[in-house]
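Trainee: Got a structure for you, questions after.
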Protein chains: 2
Amino acid sequence: MDKYELGLDAIPANFEALTPLSFLPRSAAVYPDHVAMIHGEWTYTYSEFFERAKRLASALEKRGIGKGDTVSVMAPNIPALLEAHFGVPVTGAVLNALNTRLDAETIAFILDHGECKLLLTDREHSDVIAHAVKIANVDPIVIDIDDPGATSGELIGEMDYEAFLKTGDPDYAWRNPENEWDAIALNYTSGTTGDPKGVVYHHRGAYLAASGNTLTWQMSKHPTYLWTLPMFHCNGWCFPWTITAVGGTHVCLRKVDADPIYDAMGRYSVDHMCGAPIVLSMLINTTAENKAKANPGIKVMVAAAPPPAAVLAEMDQLGFDVTHVYGLTECYGPAVYCDWQAEWDEKSVEDRAALKARQGVRYHALGGLDVMDPETMKPVTRDGNTMGEVMMRGNMVMKGYLKNPATTEKSLKDGWFHTGDLGVIHEDGYLELRDRSKDIIISGGENISTIEVEGVLYKHPAVLEAAVVARPDDKWGETPCAFVTLRNGATATDADIIAFCRDNMAHFKCPKTVVFDELPKTSTGKVQKFVLRERAKNL
Amino acid sequence: MDKYELGLDAIPANFEALTPLSFLPRSAAVYPDHVAMIHGEWTYTYSEFFERAKRLASALEKRGIGKGDTVSVMAPNIPALLEAHFGVPVTGAVLNALNTRLDAETIAFILDHGECKLLLTDREHSDVIAHAVKIANVDPIVIDIDDPGATSGELIGEMDYEAFLKTGDPDYAWRNPENEWDAIALNYTSGTTGDPKGVVYHHRGAYLAASGNTLTWQMSKHPTYLWTLPMFHCNGWCFPWTITAVGGTHVCLRKVDADPIYDAMGRYSVDHMCGAPIVLSMLINTTAENKAKANPGIKVMVAAAPPPAAVLAEMDQLGFDVTHVYGLTECYGPAVYCDWQAEWDEKSVEDRAALKARQGVRYHALGGLDVMDPETMKPVTRDGNTMGEVMMRGNMVMKGYLKNPATTEKSLKDGWFHTGDLGVIHEDGYLELRDRSKDIIISGGENISTIEVEGVLYKHPAVLEAAVVARPDDKWGETPCAFVTLRNGATATDADIIAFCRDNMAHFKCPKTVVFDELPKTSTGKVQKFVLRERAKNL
């Protein structure tokens, strides 16, 4: 036997399961009096945060919740949901944060599929939840969160959250999971078609993703983090755990809008926040008075869709320090980031924005990132031009889809997670997304990236938002069709837009049709291209 | 079966072994042209560093080195040793970095005990190594490192390191270990008595310790790190891996002395370095011309012995940003650090130094840190006064001692690593060391911490270095005996020193005897108290 194996086994003294749950007791011990959470008039220190999480865990166990059970939460970014990120999984149960924009039917599907045992719900969502619980087959214990910021709704549960916490023991024995491969969270994809899929995260992956955020963002101790990103979206990209690890202050936010965002920035000296490009639009398209409230240099992590270069350039000029990241529910949120190279500082604003619009390189904890031909699994040429499917592998890839072995196997086959996104790898190794497989336009045999066309549209001064889809065409097969929302007070004709595109890109890629309209979005703020494709088909 | 287990196993797409070896290919891909290493006239970029590490791995494999084999290196902080931190373990072999200050007999013992198969040796150490290899039972392949900075010695091996690299394949297939519990390094404790013990590290622990350093030190990308800490000392506290993870520049250093340190600081804008308190003494006790070369704010991590508060205060005044850390070979180097609380900034220089002299709190990746009664394993009262043995547990505790199951079991019993260090826990949860178990003085039934007495001695303006040990005494059992080295040109009598102590601490703790002498040190710079105890006994 290998001398390096003999008598050198893992034992309690030298081995424990990796889990992001370990961050809370540590911060409570080292920074007991540091402010952990701010929510309106409420402020909780780290020792209070820890006590509340322990009470929650204990209260749950007293109601029979334990290993393998699912606890769902329907709430905006308020303390209860943050506390649930620790208090639920420490019992061995799995946290299922529900997308608050979903309808009752979808939520009922999720409650049933995830076999929800207990449900915490914010009062404002009582209508949808009451309906969902009624039509669902499961019969979860319902606890109300009677948040002072809720402006409507009823109490529909058997008890209020604060009263529920009081039933719990503040001396609950915090512990690690038995196995770091144990599930910690269940997140349903927003799926534009078909039933949502339940993505299962494990403790090891959540620990590595949460730690990875500190490296990517080069975070120092005690950041002040504003919760502009929904915690139900990939567990807030694991930031409930990241910010807690570095002893930061979570600034809660019920409603994501320019006024409350800038108010919080001014009041609490916010220095970090995350969000989809729509949040960047809010930051840009607001009053000068609002803009004056933000300290310069606020670090903003943006993802969910490739932000148009024009938006990035505006953020740059406003003094925000934007990091562009890319990920999917299946990889714990961001797993790829546009690592900024010092020499890019010398470039023009436009060039910097174009470089920053690329998705970039893998997190340290993501084992592999490549673009491949999905048939042969051969990497594409790194020329910034040859398209293939984005593939990921390693410790930041999900455990799999709940009760869906066929789809799990298919999406994790050949040693890689098949993202379904199309992209290219540039000569410098940076990934740039080109499209979802189903979004690509094929016109006269040429592939057209709708993201590329949208990038040009966003440069037009009158354009607030734009989305491009394929429109069936007898001659070309498909042609690009642009849906455009103009800025307040701006005007432009379809001919103006098309002329602008022809001045700025290959002619075959230019939209042949321009429609001025509001863009339909999913509950997580993604443009619903399948709706636009239907509209384009019927034009 | 639990629904969260079914069909959700670890497979190649979503699981890989944690290893710090993954940091090098990543940095080579993302920062290919960034300077990875500087050594005199030599400069290597990350892509060159990676190529050299691949060549080393391939060359080793061609000589039959593989899983479970031991490769020893006898060298100062030069590129070959840095490369060995990656190129050796990627083959499955284990890196054994030898302490360059050891004698031939001890090295022969280590080569035999570790079953060394291949040995890289710097020319300057050829005498000792030639002798060691001659008297050892093993017969390793010897490769010379003919470093241009070596000022003496012969070539005693069969080939030069650069020629050896040329035998390797630059396209070597980098890979993860089969198991993250596999051994990565073997480090012998310097042991003041008895045979050295071989501490075995594994890939998982090295990954977490290396990542932990970035969190503790709040490191940004691209630091410039000066190698003042020997890489043979707990693998340079894992910094070969840490600095590579964040794409930093390793500034090599053959000789740790004030002139070359300050030269490097000036020339390369060094911003990070580590070392024992002796390095701080070098930084303090030098010319004003030297001191002017350092940029303000250089971050210095110091450990190995509790630095006297007076030294910390001087470093503070010189503009260095000192982080005090604590660890042992058995926990990958530092695993505890004095996390600085913002409100301490308001304190006086002396109070700040006293706070900073405490060892502090655990790394995120260290599962537990406490001070306990080793008989009952009950934690001591957190009053800053009740002494007990420092205990650690979790992923930063070694795999165990090589071929020494009895000592492994004894030191890792009851779920904790028994450090053998004595300390107290303050009310705020911070650890402060009081002594090694065997160093404590018991005088008239009272425990006296020699560290505490030394802390007072260091405040005396004439004292350069001080060490206190027990002197046998008929009346008191033991009394404190101080060995003191005075600063250049300073004078003080034993009566002066004792009077100063009586003014600054409880009288029963004051030295009854003061001896002016040079302090004997181990090869890692620790004062050899057992030598002083012998001298005190014979006074």
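For the structure tokens, the naming scheme is as follows: chains receive sequential letters (A, B, ...) according to their order of presentation, residues are indexed from 1 within each chain, and ligands are indexed from 1 in presentation order.
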Just list the residues in stretch 432-514 of chain B DSSP gives strand (DSSP E) on the backbone, as number ranges by chain.

Mentor: B: 432-436, 441-443, 446-448, 463-473, 477-486, 513-514

Trainee: Just the selected residues (N, CA and C atoms), exported as an mmCIF file, in the first residue's frame, please.

Mentor:
data_model
loop_
_atom_site.group_PDB
_atom_site.id
_atom_site.type_symbol
_atom_site.label_atom_id
_atom_site.label_comp_id
_atom_site.auth_asym_id
_atom_site.auth_seq_id
_atom_site.Cartn_x
_atom_site.Cartn_y
_atom_site.Cartn_z
ATOM 1 N N GLU B 432 -5.001 34.174 22.358
ATOM 2 C CA GLU B 432 -3.652 34.688 22.576
ATOM 3 C C GLU B 432 -2.800 33.557 23.113
ATOM 4 N N LEU B 433 -1.672 33.313 22.469
ATOM 5 C CA LEU B 433 -0.768 32.256 22.909
ATOM 6 C C LEU B 433 -0.089 32.678 24.189
ATOM 7 N N ARG B 434 0.125 31.720 25.031
ATOM 8 C CA ARG B 434 0.883 32.003 26.236
ATOM 9 C C ARG B 434 2.198 31.250 26.222
ATOM 10 N N ASP B 435 2.241 30.071 25.658
ATOM 11 C CA ASP B 435 3.486 29.317 25.628
ATOM 12 C C ASP B 435 3.287 27.964 24.979
ATOM 13 N N ARG B 436 4.406 27.352 24.615
ATOM 14 C CA ARG B 436 4.385 25.917 24.366
ATOM 15 C C ARG B 436 4.220 25.249 25.729
ATOM 16 N N ILE B 441 6.586 28.457 32.728
ATOM 17 C CA ILE B 441 7.356 28.469 33.977
ATOM 18 C C ILE B 441 6.366 28.393 35.142
ATOM 19 N N ILE B 442 6.642 27.507 36.078
ATOM 20 C CA ILE B 442 5.771 27.410 37.252
ATOM 21 C C ILE B 442 6.583 27.831 38.470
ATOM 22 N N SER B 443 6.251 29.004 38.985
ATOM 23 C CA SER B 443 7.046 29.607 40.056
ATOM 24 C C SER B 443 6.144 29.811 41.278
ATOM 25 N N GLU B 446 2.527 29.428 40.677
ATOM 26 C CA GLU B 446 1.897 30.312 39.682
ATOM 27 C C GLU B 446 2.458 30.006 38.294
ATOM 28 N N ASN B 447 1.557 29.952 37.282
ATOM 29 C CA ASN B 447 2.020 29.816 35.905
ATOM 30 C C ASN B 447 2.518 31.163 35.391
ATOM 31 N N ILE B 448 3.671 31.147 34.777
ATOM 32 C CA ILE B 448 4.182 32.375 34.160
ATOM 33 C C ILE B 448 4.385 32.112 32.672
ATOM 34 N N VAL B 463 16.876 46.638 24.184
ATOM 35 C CA VAL B 463 16.760 45.199 23.885
ATOM 36 C C VAL B 463 16.475 44.951 22.400
ATOM 37 N N LEU B 464 17.319 44.145 21.769
ATOM 38 C CA LEU B 464 17.078 43.738 20.384
ATOM 39 C C LEU B 464 16.279 42.435 20.357
ATOM 40 N N GLU B 465 16.709 41.453 21.121
ATOM 41 C CA GLU B 465 16.015 40.174 21.189
ATOM 42 C C GLU B 465 16.017 39.653 22.620
ATOM 43 N N ALA B 466 14.987 38.891 22.956
ATOM 44 C CA ALA B 466 14.911 38.366 24.319
ATOM 45 C C ALA B 466 14.212 37.016 24.323
ATOM 46 N N ALA B 467 14.644 36.145 25.193
ATOM 47 C CA ALA B 467 13.964 34.859 25.377
ATOM 48 C C ALA B 467 14.024 34.519 26.859
ATOM 49 N N VAL B 468 12.926 33.995 27.362
ATOM 50 C CA VAL B 468 12.832 33.695 28.792
ATOM 51 C C VAL B 468 12.571 32.200 28.978
ATOM 52 N N VAL B 469 13.292 31.590 29.923
ATOM 53 C CA VAL B 469 13.071 30.177 30.236
ATOM 54 C C VAL B 469 13.049 30.000 31.755
ATOM 55 N N ALA B 470 12.682 28.800 32.157
ATOM 56 C CA ALA B 470 12.652 28.484 33.594
ATOM 57 C C ALA B 470 14.071 28.166 34.090
ATOM 58 N N ARG B 471 14.397 28.693 35.259
ATOM 59 C CA ARG B 471 15.643 28.297 35.921
ATOM 60 C C ARG B 471 15.249 27.594 37.223
ATOM 61 N N PRO B 472 15.776 26.396 37.444
ATOM 62 C CA PRO B 472 15.405 25.657 38.661
ATOM 63 C C PRO B 472 15.752 26.470 39.908
ATOM 64 N N ASP B 473 14.880 26.440 40.902
ATOM 65 C CA ASP B 473 15.069 27.250 42.099
ATOM 66 C C ASP B 473 14.579 26.463 43.315
ATOM 67 N N GLY B 477 10.768 26.574 43.100
ATOM 68 C CA GLY B 477 10.573 25.542 42.076
ATOM 69 C C GLY B 477 11.275 25.984 40.797
ATOM 70 N N GLU B 478 10.731 27.037 40.182
ATOM 71 C CA GLU B 478 11.365 27.640 39.009
ATOM 72 C C GLU B 478 11.268 29.151 39.141
ATOM 73 N N THR B 479 12.209 29.846 38.512
ATOM 74 C CA THR B 479 12.074 31.302 38.373
ATOM 75 C C THR B 479 12.400 31.674 36.923
ATOM 76 N N PRO B 480 11.870 32.802 36.453
ATOM 77 C CA PRO B 480 12.149 33.215 35.072
ATOM 78 C C PRO B 480 13.593 33.686 34.911
ATOM 79 N N CYS B 481 14.216 33.199 33.852
ATOM 80 C CA CYS B 481 15.587 33.598 33.524
ATOM 81 C C CYS B 481 15.569 34.188 32.115
ATOM 82 N N ALA B 482 16.043 35.424 31.980
ATOM 83 C CA ALA B 482 15.976 36.094 30.672
ATOM 84 C C ALA B 482 17.323 36.067 29.965
ATOM 85 N N PHE B 483 17.317 35.681 28.701
ATOM 86 C CA PHE B 483 18.494 35.801 27.845
ATOM 87 C C PHE B 483 18.221 36.958 26.888
ATOM 88 N N VAL B 484 19.158 37.897 26.859
ATOM 89 C CA VAL B 484 18.899 39.148 26.155
ATOM 90 C C VAL B 484 20.063 39.494 25.224
ATOM 91 N N THR B 485 19.737 39.944 24.017
ATOM 92 C CA THR B 485 20.738 40.525 23.118
ATOM 93 C C THR B 485 20.440 42.014 23.024
ATOM 94 N N LEU B 486 21.463 42.826 23.248
ATOM 95 C CA LEU B 486 21.231 44.280 23.191
ATOM 96 C C LEU B 486 21.397 44.791 21.766
ATOM 97 N N THR B 513 16.953 36.421 36.921
ATOM 98 C CA THR B 513 18.285 36.341 36.332
ATOM 99 C C THR B 513 18.237 36.937 34.928
ATOM 100 N N VAL B 514 19.271 37.715 34.563
ATOM 101 C CA VAL B 514 19.360 38.220 33.188
ATOM 102 C C VAL B 514 20.735 37.876 32.645
#

Trainee: Could you list, as number ranges by chain, every residue of chain B that has an atom within 7 Å of an atom of chain A, counting only C-alpha atoms?

Mentor: B: 2-4, 7-9, 12-16, 29, 68, 183, 218-221, 393-400, 402-403, 405, 412, 415-417, 429

Trainee: Nearest to B:Leu155 among B:Lys521, B:Val133, B:Cys252, B:Arg123, with distances taken over only C-alpha atoms: which residue is it?

Mentor: B:Arg123

Trainee: Among stretch 81-277 of chain A, which ones does DSSP place in helix (DSSP H, G or I), written as a compact mmCIF listing (two decimals) with N, CA and C atoms, in the first residue's frame?

Mentor:
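out10.txt, written as the output of this step:
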# COMPACT_ATOMS: atom_id res chain seq x y z
N LEU A 81 -36.01 35.82 4.00
CA LEU A 81 -35.47 34.99 2.92
C LEU A 81 -33.96 34.80 3.10
N LEU A 82 -33.30 35.84 3.58
CA LEU A 82 -31.87 35.74 3.86
C LEU A 82 -31.63 34.72 4.97
N GLU A 83 -32.43 34.83 6.01
CA GLU A 83 -32.30 33.90 7.14
C GLU A 83 -32.58 32.46 6.71
N ALA A 84 -33.51 32.32 5.77
CA ALA A 84 -33.86 30.97 5.28
C ALA A 84 -32.68 30.32 4.56
N HIS A 85 -31.78 31.14 3.99
CA HIS A 85 -30.61 30.57 3.31
C HIS A 85 -29.68 29.83 4.27
N PHE A 86 -29.82 30.11 5.57
CA PHE A 86 -29.02 29.43 6.58
C PHE A 86 -29.88 28.51 7.45
N GLY A 87 -30.99 29.05 7.91
CA GLY A 87 -31.82 28.31 8.87
C GLY A 87 -32.51 27.10 8.27
N PRO A 89 -31.34 25.05 5.39
CA PRO A 89 -30.46 23.91 5.08
C PRO A 89 -29.72 23.34 6.28
N VAL A 90 -29.55 24.13 7.35
CA VAL A 90 -28.82 23.58 8.51
C VAL A 90 -29.60 22.43 9.14
N THR A 91 -30.90 22.38 8.88
CA THR A 91 -31.71 21.26 9.41
C THR A 91 -31.58 20.01 8.54
N ALA A 104 -50.05 31.34 -10.06
CA ALA A 104 -50.43 30.30 -9.09
C ALA A 104 -50.27 28.89 -9.66
N GLU A 105 -50.60 28.71 -10.94
CA GLU A 105 -50.51 27.37 -11.53
C GLU A 105 -49.06 26.88 -11.51
N THR A 106 -48.15 27.76 -11.92
CA THR A 106 -46.74 27.35 -11.95
C THR A 106 -46.24 27.08 -10.54
N ILE A 107 -46.64 27.92 -9.61
CA ILE A 107 -46.20 27.70 -8.24
C ILE A 107 -46.76 26.40 -7.69
N ALA A 108 -47.99 26.11 -8.02
CA ALA A 108 -48.58 24.83 -7.58
C ALA A 108 -47.78 23.67 -8.15
N PHE A 109 -47.41 23.79 -9.42
CA PHE A 109 -46.58 22.73 -10.03
C PHE A 109 -45.29 22.55 -9.24
N ILE A 110 -44.64 23.66 -8.90
CA ILE A 110 -43.36 23.60 -8.19
C ILE A 110 -43.53 23.02 -6.78
N LEU A 111 -44.58 23.46 -6.08
CA LEU A 111 -44.81 22.94 -4.73
C LEU A 111 -45.00 21.42 -4.78
N ASP A 112 -45.74 20.97 -5.78
CA ASP A 112 -45.97 19.54 -5.91
C ASP A 112 -44.70 18.80 -6.30
N HIS A 113 -44.03 19.33 -7.32
CA HIS A 113 -42.84 18.64 -7.84
C HIS A 113 -41.74 18.57 -6.78
N GLY A 114 -41.58 19.67 -6.04
CA GLY A 114 -40.55 19.72 -5.00
C GLY A 114 -41.01 19.07 -3.69
N ARG A 123 -46.78 38.56 2.89
CA ARG A 123 -48.21 38.91 2.81
C ARG A 123 -48.61 39.39 1.43
N GLU A 124 -47.72 40.16 0.78
CA GLU A 124 -48.06 40.74 -0.52
C GLU A 124 -48.36 39.68 -1.57
N HIS A 125 -47.88 38.46 -1.35
CA HIS A 125 -48.09 37.41 -2.34
C HIS A 125 -49.15 36.41 -1.89
N SER A 126 -49.98 36.81 -0.91
CA SER A 126 -50.93 35.85 -0.34
C SER A 126 -51.98 35.38 -1.35
N ASP A 127 -52.39 36.26 -2.25
CA ASP A 127 -53.41 35.86 -3.24
C ASP A 127 -52.91 34.69 -4.09
N VAL A 128 -51.75 34.89 -4.69
CA VAL A 128 -51.18 33.86 -5.56
C VAL A 128 -50.90 32.59 -4.76
N ILE A 129 -50.33 32.75 -3.58
CA ILE A 129 -49.97 31.57 -2.79
C ILE A 129 -51.23 30.83 -2.31
N ALA A 130 -52.24 31.58 -1.87
CA ALA A 130 -53.47 30.92 -1.40
C ALA A 130 -54.06 30.08 -2.53
N HIS A 131 -54.06 30.64 -3.71
CA HIS A 131 -54.58 29.92 -4.87
C HIS A 131 -53.71 28.71 -5.20
N ALA A 132 -52.41 28.92 -5.18
CA ALA A 132 -51.48 27.83 -5.52
C ALA A 132 -51.62 26.68 -4.54
N VAL A 133 -51.69 27.01 -3.26
CA VAL A 133 -51.81 25.95 -2.24
C VAL A 133 -53.13 25.20 -2.42
N LYS A 134 -54.15 25.95 -2.79
CA LYS A 134 -55.47 25.33 -2.98
C LYS A 134 -55.45 24.30 -4.11
N ILE A 135 -54.79 24.65 -5.21
CA ILE A 135 -54.80 23.73 -6.37
C ILE A 135 -53.67 22.71 -6.34
N TYR A 161 -44.28 34.80 10.93
CA TYR A 161 -42.87 34.40 10.94
C TYR A 161 -42.17 34.78 12.24
N GLU A 162 -42.42 36.00 12.73
CA GLU A 162 -41.75 36.42 13.97
C GLU A 162 -42.20 35.55 15.15
N ALA A 163 -43.48 35.20 15.16
CA ALA A 163 -43.98 34.31 16.21
C ALA A 163 -43.37 32.91 16.04
N PHE A 164 -43.25 32.50 14.79
CA PHE A 164 -42.65 31.19 14.49
C PHE A 164 -41.21 31.14 15.02
N LEU A 165 -40.44 32.23 14.78
CA LEU A 165 -39.06 32.27 15.28
C LEU A 165 -39.04 32.11 16.80
N LYS A 166 -40.04 32.71 17.46
CA LYS A 166 -40.06 32.64 18.93
C LYS A 166 -40.24 31.21 19.44
N HIS A 203 -24.04 21.42 -0.99
CA HIS A 203 -23.29 22.29 -0.07
C HIS A 203 -21.90 22.61 -0.61
N ARG A 204 -21.23 21.62 -1.15
CA ARG A 204 -19.87 21.82 -1.67
C ARG A 204 -19.86 22.88 -2.77
N GLY A 205 -20.78 22.72 -3.73
CA GLY A 205 -20.84 23.66 -4.84
C GLY A 205 -21.19 25.06 -4.37
N ALA A 206 -22.13 25.15 -3.43
CA ALA A 206 -22.54 26.47 -2.93
C ALA A 206 -21.38 27.14 -2.18
N TYR A 207 -20.61 26.35 -1.44
CA TYR A 207 -19.44 26.89 -0.75
C TYR A 207 -18.44 27.43 -1.76
N LEU A 208 -18.18 26.67 -2.80
CA LEU A 208 -17.17 27.07 -3.78
C LEU A 208 -17.65 28.25 -4.63
N ALA A 209 -18.93 28.26 -4.98
CA ALA A 209 -19.48 29.38 -5.76
C ALA A 209 -19.45 30.65 -4.91
N ALA A 210 -19.87 30.52 -3.65
CA ALA A 210 -19.89 31.69 -2.77
C ALA A 210 -18.48 32.23 -2.54
N SER A 211 -17.52 31.33 -2.32
CA SER A 211 -16.14 31.76 -2.16
C SER A 211 -15.61 32.34 -3.47
N GLY A 212 -16.01 31.73 -4.57
CA GLY A 212 -15.56 32.20 -5.88
C GLY A 212 -15.93 33.65 -6.12
N ASN A 213 -17.11 34.06 -5.65
CA ASN A 213 -17.52 35.46 -5.83
C ASN A 213 -16.52 36.43 -5.19
N THR A 214 -15.95 36.04 -4.05
CA THR A 214 -15.00 36.95 -3.40
C THR A 214 -13.74 37.11 -4.24
N LEU A 215 -13.32 36.04 -4.88
CA LEU A 215 -12.12 36.11 -5.73
C LEU A 215 -12.40 36.92 -7.00
N THR A 216 -13.52 36.62 -7.65
CA THR A 216 -13.87 37.30 -8.89
C THR A 216 -13.97 38.80 -8.68
N CYS A 234 -31.18 31.86 -8.62
CA CYS A 234 -29.95 31.12 -8.30
C CYS A 234 -29.46 31.48 -6.90
N ASN A 235 -30.39 31.54 -5.94
CA ASN A 235 -30.02 31.95 -4.57
C ASN A 235 -29.22 33.25 -4.59
N GLY A 236 -29.74 34.21 -5.35
CA GLY A 236 -29.04 35.50 -5.40
C GLY A 236 -27.59 35.33 -5.80
N TRP A 237 -27.37 34.42 -6.78
CA TRP A 237 -26.00 34.12 -7.25
C TRP A 237 -25.08 33.75 -6.09
N PHE A 239 -24.87 35.07 -3.24
CA PHE A 239 -24.42 36.20 -2.42
C PHE A 239 -24.97 36.22 -0.99
N PRO A 240 -26.10 35.56 -0.67
CA PRO A 240 -26.45 35.49 0.76
C PRO A 240 -25.29 34.87 1.56
N TRP A 241 -24.60 33.92 0.94
CA TRP A 241 -23.48 33.24 1.62
C TRP A 241 -22.19 34.05 1.47
N THR A 242 -21.96 34.59 0.29
CA THR A 242 -20.72 35.36 0.05
C THR A 242 -20.61 36.55 0.99
N ILE A 243 -21.67 37.35 1.02
CA ILE A 243 -21.62 38.59 1.82
C ILE A 243 -21.48 38.24 3.30
N THR A 244 -22.10 37.16 3.71
CA THR A 244 -21.98 36.72 5.10
C THR A 244 -20.56 36.25 5.41
N ALA A 245 -19.94 35.57 4.43
CA ALA A 245 -18.56 35.09 4.63
C ALA A 245 -17.61 36.24 4.92
N ALA A 258 -35.55 52.71 -9.47
CA ALA A 258 -34.48 53.70 -9.38
C ALA A 258 -34.50 54.46 -8.04
N ASP A 259 -35.67 54.92 -7.61
CA ASP A 259 -35.72 55.74 -6.39
C ASP A 259 -35.23 54.99 -5.15
N PRO A 260 -35.83 53.82 -4.83
CA PRO A 260 -35.32 53.13 -3.63
C PRO A 260 -33.86 52.70 -3.76
N ILE A 261 -33.41 52.38 -4.98
CA ILE A 261 -32.01 51.98 -5.15
C ILE A 261 -31.09 53.15 -4.80
N TYR A 262 -31.36 54.30 -5.41
CA TYR A 262 -30.48 55.44 -5.16
C TYR A 262 -30.62 55.94 -3.72
N ASP A 263 -31.82 55.84 -3.16
CA ASP A 263 -31.99 56.20 -1.74
C ASP A 263 -31.08 55.36 -0.84
N ALA A 264 -31.12 54.05 -1.09
CA ALA A 264 -30.30 53.15 -0.28
C ALA A 264 -28.82 53.44 -0.49
N MET A 265 -28.43 53.69 -1.72
CA MET A 265 -27.03 54.00 -2.01
C MET A 265 -26.56 55.20 -1.20
N GLY A 266 -27.42 56.22 -1.18
CA GLY A 266 -27.06 57.44 -0.47
C GLY A 266 -27.05 57.24 1.03
N ARG A 267 -28.04 56.52 1.54
CA ARG A 267 -28.21 56.39 2.98
C ARG A 267 -27.17 55.47 3.62
N TYR A 268 -26.84 54.37 2.93
CA TYR A 268 -26.01 53.35 3.57
C TYR A 268 -24.62 53.22 2.95
N PRO A 277 -29.35 43.35 -16.79
CA PRO A 277 -29.18 44.62 -17.52
C PRO A 277 -30.32 45.61 -17.26

Trainee: Between atom CA of B:Lys410 and atom CA of B:Val199, measure the distance and give it in Å to one decimal.

Mentor: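 Atom-to-atom, atom CA of B:Lys410 to atom CA of B:Val199, that is 14.0 Å.
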
Trainee: Quick check, in Å to one decimal: how far apart do atom CA of B:Pro307 and atom CA of B:Cys274 lie?

Mentor: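 Taking atom CA of B:Pro307 and atom CA of B:Cys274, their separation equals 12.9 Å.
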
Trainee: What lies within 8 Å of A:Ser523 using only C-alpha atoms, ignoring chain neighbours under 6 positions off, as number ranges by chain?

Mentor: A: 99-102, 190

Trainee: Could the residues in this selection be written to a file with C-alpha atoms, as an mmCIF file, in the first residue's frame?

Mentor:
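The result, stored in result02.cif:
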data_model
loop_
_atom_site.group_PDB
_atom_site.id
_atom_site.type_symbol
_atom_site.label_atom_id
_atom_site.label_comp_id
_atom_site.auth_asym_id
_atom_site.auth_seq_id
_atom_site.Cartn_x
_atom_site.Cartn_y
_atom_site.Cartn_z
ATOM 1 C CA ASN A 99 -39.901 33.384 -8.107
ATOM 2 C CA THR A 100 -42.350 36.012 -6.860
ATOM 3 C CA ARG A 101 -43.489 36.856 -10.387
ATOM 4 C CA LEU A 102 -44.863 33.400 -11.105
ATOM 5 C CA SER A 190 -37.914 30.034 -15.493
#

Trainee: Between atom CA of A:Phe516 and atom CA of A:Ile440, what is the distance, to one decimal in Å?

Mentor: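 Taking atom CA of A:Phe516 as the start and atom CA of A:Ile440 as the end point, the length is 21.3 Å.
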
Trainee: Just want the 9 Å neighbourhood of A:Pro79, counted on only C-alpha atoms, with same-chain residues fewer than 6 positions away dropped. Output as a ChimeraX atom specification.

Mentor: /A:37-39,49,250,252
